[in-house]
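Working notes for the structure below.
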Amino acid sequence: MKKRIADSIRGSTQQNPFSDSQARNFSDTKLLNEFFPISNYWSLFNDQHEILLGTRGSGKTFLLKMMRYSMLKRIEDQRAKQLAEKKEFIALYVPMYLEFVTHLTSADSSEEKQIQLFQFAFNCLLAQSLLVELKEILSEEKDKMKWAKTNMNLALALNDSWFDDNSQNISDLFSLASKLRKLFYSFDVVTGDISTIPPVFKRQIGATLLAVKELIVEQLGFSEEPTWIVCIDEAEFLSEPLQRCINSVFRSDSKRIALKVATLPYYHRTLKTLDPNITVSAGNDFSYRVVDMKYDDVDFTNLTNSLVSNRMKTRFDSTLEIEKLEDFLGVYGEDAQIDYYREEVGDDAATYDTILNNIISELSDKRKKSVDNYPNPRKTVYDKFAPIFYVRYMYRLSRKGNTKPGWYAGSQMIRKIAQGNPRAFVQIMNRLFEKARTSELTPKAQHGVIIDYVKAFCESTQALESNGPTMYRELNRIAETLHEHVHGQRIRSTGCNFVLNFDCEESFVYAKKWLQQAAAYSRIIVDEDALINGITRKTVFLLANTYAAKYWLPMRSDASPKNICIRNNKVETYTVKMPPNKEPPHEQLSFFKGDTK
């Protein structure tokens, strides 16, 4: 086996390069150093309104911040250089962080006033973001006299469009930015008189850009007007009335302004606009775009390799020859499940024939009799049951005293546990780096780190706002049910997928609340249709791989989903009832009321 880069960490007292995972607080320089342009990034440069749906930590903030012209022009990629040179798209970034929204809505004011305050604040932030990008465009002017003249003339023109006062204190874009900051921060949302705010800031969101975009084109000498992309981040913090402000832009003639609105799945709660008689519709007024990556996507593999290489070289040792995650962890064989199984049991016990015979020995008597008639046992027995066999074996091994198998280990497994989520990946790497300080990062050591991580992740579910305790209890119940099905006496085709049946509408409404939040916070996985159009009674769910690891479930969704029946609103009153001495039809499970006999 090739030497692990992780071995060079032993005894190090340097700062952990993976200690920070929240891109919201990154400087522009740090963002640029870490950014890897996935395929979704380039396709965002279009003239359509879009709502970007992504779970927490999926990289929405990274994508939107890096769309800004000031960042785009600094990306070392030919596609970025072409976009920057043509100036067909100029993106502005407006975050809806929690403090911002709470500041506006915590006051005891009417819905109408909250909308007015939001429009004012949004238009201030949009104007500030616009000035940042204009200064970046102006910086490209090599003639200092022309730069100074354009800077002053542009600042005066913008001031005249936004304010109804004299402009004697405005000499450049910097002084105008200072004036905007004063307007924003000096207004008291509780006692302030909103009638004193300049009219353009009180109109629909985007008004400060609409009012000046033509004069900007003229002042800067653009051959044609670009599409102005307004990136609205963390829109999940917006209440329904404030979301109507965004929908109103979707429905109106936005005049070459395209909104890119990032939010958690199911947090775009309304299709209403500020006009009670008008609504918006997906596909006509805007489009949904899911930005979550799958763990085996090429984008996620390239992104994680880039993260590991960049952080290890820039924050730990610039001389390291590390280009990918495999260099850090080391690789056994082809980094497949069989390789880690072989490492644990030895070569003789990991041959095809031995594993096939072991699988057959754990089948039900009925299936054992049918094996000889299977035309392709490799496909129908080995490929079908080997992942389940491995998990069953490793779980039994882990139950023997203090034995710790080296199962949840290796690059493929790390990416699986992260489930395509960059933030989760960095958090796992943080733990692996800390472990490497004190011991060799063998498969057993990696396994221990992963087990600790998934336990902490699952435990943190109960601390999530609103439905956390309910979600925690019910996901544990479902996971335990699937665990019993996987680790029963006989091996059966099974995975992490399940469906829920409801005996009444109240039960479905009850469950839908925590199921949607569980999907938004990466506790369960649903397909793109369910993310966009909502969870229904027919939705097939997949337990996240974090839960699969904690409960020793095979990380697969190709088996028939297990059928779990909810007969009232409290799942904790249920136990699992199995028909005696035989497997249930289609290998399905049900929850029945606890006093069944």
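Naming scheme: A, B, ... for chains in displayed order of the structure tokens; residues 1 onward per chain; ligands 1 onward as shown.
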Next item on the list: Check range 226-339 of chain A with DSSP on the backbone and list each residue it calls strand (DSSP E), as a list in words.
Entry: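 After running DSSP on the backbone, range 226-339 of chain A has strand (DSSP E) at Thr227, Trp228, Ile229, Val230, Cys231, Ile232, Asp233, Ile257, Ala258, Leu259, Lys260, Val261, Ala262, Thr263, Ser287, Tyr288, Arg289 and Val290 of chain A.
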Notebook entry, point to check: Can you tell me, as a list in words, what residues are no more than 10 Å from Ala157 in chain A when counting only C-alpha atoms, ignoring any on the same chain fewer than 3 positions away?
Noted result: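 Within the cut-off, the hits are Met152, Asn153, Leu154, Asp160, Ser161, Trp162, Ser167, Val212, Leu215, Ile216 and Gln219 of chain A.
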Report as a Markdown table the residues of range 384-486 of chain A within 10 Å of range 525-544 of chain A, each with its shortest atom pair and distance in Å (one decimal), using only C-alpha atoms, ordered by chain and increasing residue number.
| residue | atom | partner | partner_atom | distance |
| --- | --- | --- | --- | --- |
| A:Lys416 | CA | A:Ala544 | CA | 9.4 |
| A:Ile417 | CA | A:Ala544 | CA | 8.2 |
| A:Ala418 | CA | A:Ala544 | CA | 9.3 |
| A:Gln419 | CA | A:Ala544 | CA | 7.5 |
| A:Cys458 | CA | A:Ala544 | CA | 9.9 |
| A:Leu475 | CA | A:Leu543 | CA | 8.3 |
| A:Ile478 | CA | A:Leu543 | CA | 8.8 |
| A:Ala479 | CA | A:Leu543 | CA | 7.7 |
| A:Leu482 | CA | A:Leu543 | CA | 9.8 |
Item checked: Near-range 317-324 of chain A list (10 Å; only C-alpha atoms; drop same-chain fewer than 6 positions) as a list in words ->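 Near neighbours after the sequence-gap exclusion: Arg4, Ile5, Ser8, Ile9, Gln14, Thr301, Asn302, Leu303, Thr304, Asn305, Ser306, Leu307, Val308, Ser309, Asn310, Arg311 and Ser411 of chain A.
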Would you output that residue set with C-alpha atoms, as a short mmCIF file (atom, residue, chain, number, x, y, z; two decimals), in the first residue's frame?
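Generated file (selection.cif):
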data_model
loop_
_atom_site.label_atom_id
_atom_site.label_comp_id
_atom_site.auth_asym_id
_atom_site.auth_seq_id
_atom_site.Cartn_x
_atom_site.Cartn_y
_atom_site.Cartn_z
CA ARG A 4 -0.60 7.80 3.43
CA ILE A 5 -0.14 11.57 3.52
CA SER A 8 2.92 12.95 8.07
CA ILE A 9 0.49 14.59 10.50
CA GLN A 14 -0.45 23.01 13.49
CA THR A 301 -15.20 13.48 -6.51
CA ASN A 302 -13.35 16.36 -8.16
CA LEU A 303 -14.54 18.85 -5.56
CA THR A 304 -13.46 16.72 -2.59
CA ASN A 305 -10.09 16.03 -4.17
CA SER A 306 -9.61 19.75 -4.74
CA LEU A 307 -10.59 20.58 -1.15
CA VAL A 308 -8.15 18.07 0.33
CA SER A 309 -5.29 19.08 -1.92
CA ASN A 310 -5.81 22.81 -1.48
CA ARG A 311 -6.24 22.82 2.28
CA SER A 411 -12.25 7.29 0.10
#
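Closest approach to Ala519 in chain A among A:Tyr352, A:Phe45, A:Phe385, A:Tyr267: A:Tyr267, based on only C-alpha atoms.
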Margin query: Between CA of Glu344 in chain A and CA of Arg399 in chain A, what is the distance in Å, rounded to a tenth?
Written below: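 The value is 14.8 Å.
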Checklist line | Shell around Thr150 in chain A at 9 Å using only C-alpha atoms, local window under 3 positions removed, as a VMD selection string | finding: chain A and resid 138 145 to 147 153 to 155 172 219 to 220
Check: Which residues come within 12 Å of Met394 in chain A, counting only C-alpha atoms, excluding same-chain residues fewer than 5 positions away, as an MDAnalysis selection string?
Finding: chainID A and resid 337 340:345 387:389 399:400 403:408 444 447 487 549 551:554
Note to self: Can you pull out the residues contacting range 276-286 of chain A? Cut-off 9 Å, using only C-alpha atoms, and skip same-chain residues under 6 positions away; I want them as a ChimeraX atom specification.
What the structure shows: /A:48-51,247-248,250-252,259,270
With all heavy atoms retained, export the selected residues as a short mmCIF file (atom, residue, chain, number, x, y, z; two decimals), in the first residue's frame.
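Writing done, so here's again34.cif:
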data_model
loop_
_atom_site.label_atom_id
_atom_site.label_comp_id
_atom_site.auth_asym_id
_atom_site.auth_seq_id
_atom_site.Cartn_x
_atom_site.Cartn_y
_atom_site.Cartn_z
N GLN A 48 -32.75 33.39 -16.80
CA GLN A 48 -33.99 32.87 -16.22
C GLN A 48 -34.01 33.04 -14.70
O GLN A 48 -32.99 32.93 -14.04
CB GLN A 48 -34.13 31.38 -16.56
CG GLN A 48 -34.10 31.08 -18.05
CD GLN A 48 -35.20 31.76 -18.82
OE1 GLN A 48 -36.37 31.59 -18.51
NE2 GLN A 48 -34.82 32.54 -19.83
N HIS A 49 -35.21 33.29 -14.18
CA HIS A 49 -35.39 33.26 -12.73
C HIS A 49 -35.32 31.81 -12.25
O HIS A 49 -35.97 30.93 -12.83
CB HIS A 49 -36.76 33.83 -12.33
CG HIS A 49 -36.96 35.28 -12.69
ND1 HIS A 49 -36.06 36.26 -12.35
CD2 HIS A 49 -37.97 35.90 -13.36
CE1 HIS A 49 -36.51 37.42 -12.78
NE2 HIS A 49 -37.66 37.24 -13.41
N GLU A 50 -34.56 31.56 -11.20
CA GLU A 50 -34.42 30.20 -10.69
C GLU A 50 -34.41 30.18 -9.17
O GLU A 50 -33.86 31.09 -8.54
CB GLU A 50 -33.13 29.55 -11.20
CG GLU A 50 -33.09 29.32 -12.70
CD GLU A 50 -31.81 28.61 -13.13
OE1 GLU A 50 -30.75 29.26 -13.13
OE2 GLU A 50 -31.89 27.42 -13.45
N ILE A 51 -35.00 29.15 -8.61
CA ILE A 51 -34.90 28.88 -7.18
C ILE A 51 -33.99 27.68 -7.02
O ILE A 51 -34.27 26.59 -7.51
CB ILE A 51 -36.28 28.60 -6.55
CG1 ILE A 51 -37.15 29.85 -6.61
CG2 ILE A 51 -36.12 28.12 -5.11
CD1 ILE A 51 -38.53 29.68 -6.00
N ASN A 247 -41.59 36.70 -5.37
CA ASN A 247 -42.49 36.16 -6.38
C ASN A 247 -43.03 37.25 -7.30
O ASN A 247 -43.30 37.01 -8.48
CB ASN A 247 -43.66 35.42 -5.72
CG ASN A 247 -43.22 34.16 -5.01
OD1 ASN A 247 -42.11 33.66 -5.23
ND2 ASN A 247 -44.07 33.63 -4.14
N SER A 248 -43.20 38.45 -6.76
CA SER A 248 -43.69 39.56 -7.58
C SER A 248 -42.71 39.91 -8.69
O SER A 248 -43.12 40.27 -9.80
CB SER A 248 -43.95 40.79 -6.70
OG SER A 248 -45.02 40.55 -5.80
N PHE A 250 -40.69 37.66 -10.03
CA PHE A 250 -40.83 36.54 -10.97
C PHE A 250 -41.95 36.82 -11.98
O PHE A 250 -41.82 36.50 -13.16
CB PHE A 250 -41.19 35.25 -10.22
CG PHE A 250 -40.07 34.65 -9.41
CD1 PHE A 250 -40.34 33.72 -8.41
CD2 PHE A 250 -38.76 34.98 -9.65
CE1 PHE A 250 -39.32 33.13 -7.67
CE2 PHE A 250 -37.73 34.41 -8.92
CZ PHE A 250 -38.01 33.49 -7.93
N ARG A 251 -43.03 37.41 -11.50
CA ARG A 251 -44.24 37.57 -12.33
C ARG A 251 -44.20 38.81 -13.20
O ARG A 251 -44.89 38.89 -14.22
CB ARG A 251 -45.47 37.64 -11.39
CG ARG A 251 -46.80 37.47 -12.09
CD ARG A 251 -46.95 36.08 -12.66
NE ARG A 251 -48.26 35.87 -13.25
CZ ARG A 251 -48.59 36.20 -14.49
NH1 ARG A 251 -47.70 36.76 -15.28
NH2 ARG A 251 -49.81 35.98 -14.94
N SER A 252 -43.39 39.78 -12.84
CA SER A 252 -43.38 41.05 -13.58
C SER A 252 -42.37 41.03 -14.72
O SER A 252 -41.59 40.09 -14.86
CB SER A 252 -43.06 42.19 -12.62
OG SER A 252 -41.75 42.04 -12.10
N LEU A 259 -33.34 36.62 -11.16
CA LEU A 259 -33.11 36.27 -9.76
C LEU A 259 -32.66 34.83 -9.65
O LEU A 259 -33.22 33.94 -10.29
CB LEU A 259 -34.38 36.46 -8.93
CG LEU A 259 -35.04 37.84 -8.90
CD1 LEU A 259 -36.15 37.86 -7.85
CD2 LEU A 259 -34.03 38.94 -8.62
N THR A 270 -44.75 29.72 -0.62
CA THR A 270 -45.92 30.32 -1.25
C THR A 270 -45.65 30.65 -2.70
O THR A 270 -44.50 30.90 -3.10
CB THR A 270 -46.34 31.60 -0.50
OG1 THR A 270 -47.53 32.13 -1.12
CG2 THR A 270 -45.24 32.65 -0.53
#
Margin query: Taking only range 125-293 of chain A into account, list the residues labelled alpha helix (DSSP H) by DSSP (computed from the backbone), as a count of residues only.
Written below: 71
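Checking A:Phe89, A:Trp514, A:Phe18, A:Phe36 one by one against Asp299 in chain A, counting only C-alpha atoms, you find the shortest gap at A:Phe36.
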What are the closest atom pairs, with distances in Å to one decimal, for all residues of range 124-167 of chain A lying within 7 Å of range 197-204 of chain A? Consider only C-alpha atoms, order rows by chain and residue number, and present the result as a tab-separated table.
residue	atom	partner	partner_atom	distance
A:Cys124	CA	A:Phe201	CA	6.8
A:Trp162	CA	A:Val200	CA	6.2
A:Phe163	CA	A:Pro198	CA	5.8
A:Asp164	CA	A:Pro198	CA	6.8
Next item on the list: Quick one: pull the distance between CA of Ala520 in chain A and CA of Ile564 in chain A, Å, one decimal.
Entry: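 Going from CA of Ala520 in chain A over to CA of Ile564 in chain A, I get 21.4 Å.
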Contacts of Lys73 in chain A at 10 Å (only C-alpha atoms; same-chain gap of 5+ positions) as a PDB file with all heavy atoms, in the first residue's frame:
ATOM      1  N   MET A  66     -19.578  33.133  -5.762  1.00  0.00           N
ATOM      2  CA  MET A  66     -18.589  33.044  -6.829  1.00  0.00           C
ATOM      3  C   MET A  66     -19.138  33.466  -8.187  1.00  0.00           C
ATOM      4  O   MET A  66     -18.384  33.587  -9.153  1.00  0.00           O
ATOM      5  CB  MET A  66     -18.023  31.633  -6.913  1.00  0.00           C
ATOM      6  CG  MET A  66     -17.143  31.238  -5.743  1.00  0.00           C
ATOM      7  SD  MET A  66     -15.711  32.335  -5.499  1.00  0.00           S
ATOM      8  CE  MET A  66     -14.843  32.112  -7.053  1.00  0.00           C
ATOM      9  N   MET A  67     -20.447  33.717  -8.281  1.00  0.00           N
ATOM     10  CA  MET A  67     -20.999  34.229  -9.528  1.00  0.00           C
ATOM     11  C   MET A  67     -20.728  35.721  -9.705  1.00  0.00           C
ATOM     12  O   MET A  67     -20.789  36.229 -10.835  1.00  0.00           O
ATOM     13  CB  MET A  67     -22.514  33.974  -9.578  1.00  0.00           C
ATOM     14  CG  MET A  67     -22.900  32.525  -9.783  1.00  0.00           C
ATOM     15  SD  MET A  67     -24.685  32.316  -9.968  1.00  0.00           S
ATOM     16  CE  MET A  67     -24.958  33.054 -11.583  1.00  0.00           C
ATOM     17  N   ARG A  68     -20.442  36.433  -8.637  1.00  0.00           N
ATOM     18  CA  ARG A  68     -20.181  37.872  -8.723  1.00  0.00           C
ATOM     19  C   ARG A  68     -19.080  38.162  -9.744  1.00  0.00           C
ATOM     20  O   ARG A  68     -18.091  37.435  -9.829  1.00  0.00           O
ATOM     21  CB  ARG A  68     -19.768  38.424  -7.360  1.00  0.00           C
ATOM     22  CG  ARG A  68     -20.860  38.391  -6.307  1.00  0.00           C
ATOM     23  CD  ARG A  68     -20.308  38.824  -4.967  1.00  0.00           C
ATOM     24  NE  ARG A  68     -19.345  37.845  -4.458  1.00  0.00           N
ATOM     25  CZ  ARG A  68     -18.470  38.101  -3.487  1.00  0.00           C
ATOM     26  NH1 ARG A  68     -18.406  39.307  -2.956  1.00  0.00           N
ATOM     27  NH2 ARG A  68     -17.656  37.159  -3.072  1.00  0.00           N
ATOM     28  N   ALA A  80     -14.492  31.003 -17.404  1.00  0.00           N
ATOM     29  CA  ALA A  80     -14.675  32.184 -16.570  1.00  0.00           C
ATOM     30  C   ALA A  80     -14.120  33.424 -17.263  1.00  0.00           C
ATOM     31  O   ALA A  80     -14.733  34.508 -17.223  1.00  0.00           O
ATOM     32  CB  ALA A  80     -13.999  31.977 -15.217  1.00  0.00           C
ATOM     33  N   LYS A  81     -12.983  33.294 -17.878  1.00  0.00           N
ATOM     34  CA  LYS A  81     -12.361  34.430 -18.566  1.00  0.00           C
ATOM     35  C   LYS A  81     -13.241  34.925 -19.708  1.00  0.00           C
ATOM     36  O   LYS A  81     -13.390  36.130 -19.924  1.00  0.00           O
ATOM     37  CB  LYS A  81     -10.976  34.028 -19.083  1.00  0.00           C
ATOM     38  CG  LYS A  81      -9.975  33.722 -17.982  1.00  0.00           C
ATOM     39  CD  LYS A  81      -8.588  33.433 -18.546  1.00  0.00           C
ATOM     40  CE  LYS A  81      -7.621  33.021 -17.439  1.00  0.00           C
ATOM     41  NZ  LYS A  81      -7.490  34.055 -16.395  1.00  0.00           N
ATOM     42  N   GLN A  82     -13.843  34.003 -20.436  1.00  0.00           N
ATOM     43  CA  GLN A  82     -14.720  34.394 -21.536  1.00  0.00           C
ATOM     44  C   GLN A  82     -15.962  35.114 -21.023  1.00  0.00           C
ATOM     45  O   GLN A  82     -16.391  36.126 -21.590  1.00  0.00           O
ATOM     46  CB  GLN A  82     -15.119  33.157 -22.344  1.00  0.00           C
ATOM     47  CG  GLN A  82     -13.971  32.554 -23.154  1.00  0.00           C
ATOM     48  CD  GLN A  82     -14.387  31.290 -23.889  1.00  0.00           C
ATOM     49  OE1 GLN A  82     -15.503  30.793 -23.725  1.00  0.00           O
ATOM     50  NE2 GLN A  82     -13.483  30.750 -24.702  1.00  0.00           N
ATOM     51  N   LEU A  83     -16.559  34.588 -19.937  1.00  0.00           N
ATOM     52  CA  LEU A  83     -17.737  35.239 -19.353  1.00  0.00           C
ATOM     53  C   LEU A  83     -17.406  36.648 -18.863  1.00  0.00           C
ATOM     54  O   LEU A  83     -18.182  37.583 -19.051  1.00  0.00           O
ATOM     55  CB  LEU A  83     -18.275  34.392 -18.200  1.00  0.00           C
ATOM     56  CG  LEU A  83     -19.093  33.149 -18.567  1.00  0.00           C
ATOM     57  CD1 LEU A  83     -19.292  32.256 -17.343  1.00  0.00           C
ATOM     58  CD2 LEU A  83     -20.442  33.544 -19.159  1.00  0.00           C
ATOM     59  N   ALA A  84     -16.251  36.789 -18.218  1.00  0.00           N
ATOM     60  CA  ALA A  84     -15.846  38.096 -17.692  1.00  0.00           C
ATOM     61  C   ALA A  84     -15.560  39.085 -18.811  1.00  0.00           C
ATOM     62  O   ALA A  84     -15.917  40.270 -18.720  1.00  0.00           O
ATOM     63  CB  ALA A  84     -14.630  37.932 -16.787  1.00  0.00           C
ATOM     64  N   GLU A  85     -14.917  38.637 -19.852  1.00  0.00           N
ATOM     65  CA  GLU A  85     -14.566  39.531 -20.959  1.00  0.00           C
ATOM     66  C   GLU A  85     -15.807  40.011 -21.709  1.00  0.00           C
ATOM     67  O   GLU A  85     -15.914  41.186 -22.068  1.00  0.00           O
ATOM     68  CB  GLU A  85     -13.612  38.815 -21.918  1.00  0.00           C
ATOM     69  CG  GLU A  85     -12.204  38.637 -21.366  1.00  0.00           C
ATOM     70  CD  GLU A  85     -11.338  37.771 -22.274  1.00  0.00           C
ATOM     71  OE1 GLU A  85     -11.841  37.350 -23.348  1.00  0.00           O
ATOM     72  OE2 GLU A  85     -10.169  37.515 -21.906  1.00  0.00           O
ATOM     73  N   GLU A 136     -15.154  47.136  -9.294  1.00  0.00           N
ATOM     74  CA  GLU A 136     -14.302  46.106  -9.877  1.00  0.00           C
ATOM     75  C   GLU A 136     -14.175  46.294 -11.390  1.00  0.00           C
ATOM     76  O   GLU A 136     -13.090  46.153 -11.964  1.00  0.00           O
ATOM     77  CB  GLU A 136     -14.878  44.723  -9.572  1.00  0.00           C
ATOM     78  CG  GLU A 136     -13.970  43.574  -9.919  1.00  0.00           C
ATOM     79  CD  GLU A 136     -12.693  43.546  -9.096  1.00  0.00           C
ATOM     80  OE1 GLU A 136     -12.774  43.860  -7.886  1.00  0.00           O
ATOM     81  OE2 GLU A 136     -11.627  43.228  -9.658  1.00  0.00           O
ATOM     82  N   ILE A 137     -15.280  46.627 -12.039  1.00  0.00           N
ATOM     83  CA  ILE A 137     -15.244  46.870 -13.487  1.00  0.00           C
ATOM     84  C   ILE A 137     -14.394  48.100 -13.800  1.00  0.00           C
ATOM     85  O   ILE A 137     -13.586  48.109 -14.738  1.00  0.00           O
ATOM     86  CB  ILE A 137     -16.675  47.031 -14.031  1.00  0.00           C
ATOM     87  CG1 ILE A 137     -17.456  45.721 -13.879  1.00  0.00           C
ATOM     88  CG2 ILE A 137     -16.649  47.471 -15.501  1.00  0.00           C
ATOM     89  CD1 ILE A 137     -18.930  45.835 -14.221  1.00  0.00           C
TER      90      ILE A 137
END
Margin query: Which residue is closest to Glu112 in chain A? Choose from A:Asn33, A:Cys245, A:Ile450, A:Asp353 and count only C-alpha atoms.
Written below: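 Residue with the minimum atom-to-atom distance to Glu112 in chain A: A:Cys245.
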Item checked: Nearest candidate to Arg79 in chain A (options A:Tyr521, A:Phe328, A:Tyr288, A:Trp42; using only C-alpha atoms) ->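 Counting only C-alpha atoms, the residue closest to Arg79 in chain A is A:Trp42.
Shortest atom-to-atom contact with Arg367 in chain A among A:Ile491, A:Pro469, A:Lys255, A:Leu104: A:Ile491, counting only C-alpha atoms.
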Notebook entry, point to check: Of the candidates A:Phe498, A:Asn123, A:Arg431, A:Phe237, which shows the shortest atom-to-atom distance to Thr102 in chain A, using only C-alpha atoms?
Noted result: A:Phe237
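Going from CA of Thr351 in chain A to CA of Glu484 in chain A covers 27.7 Å.
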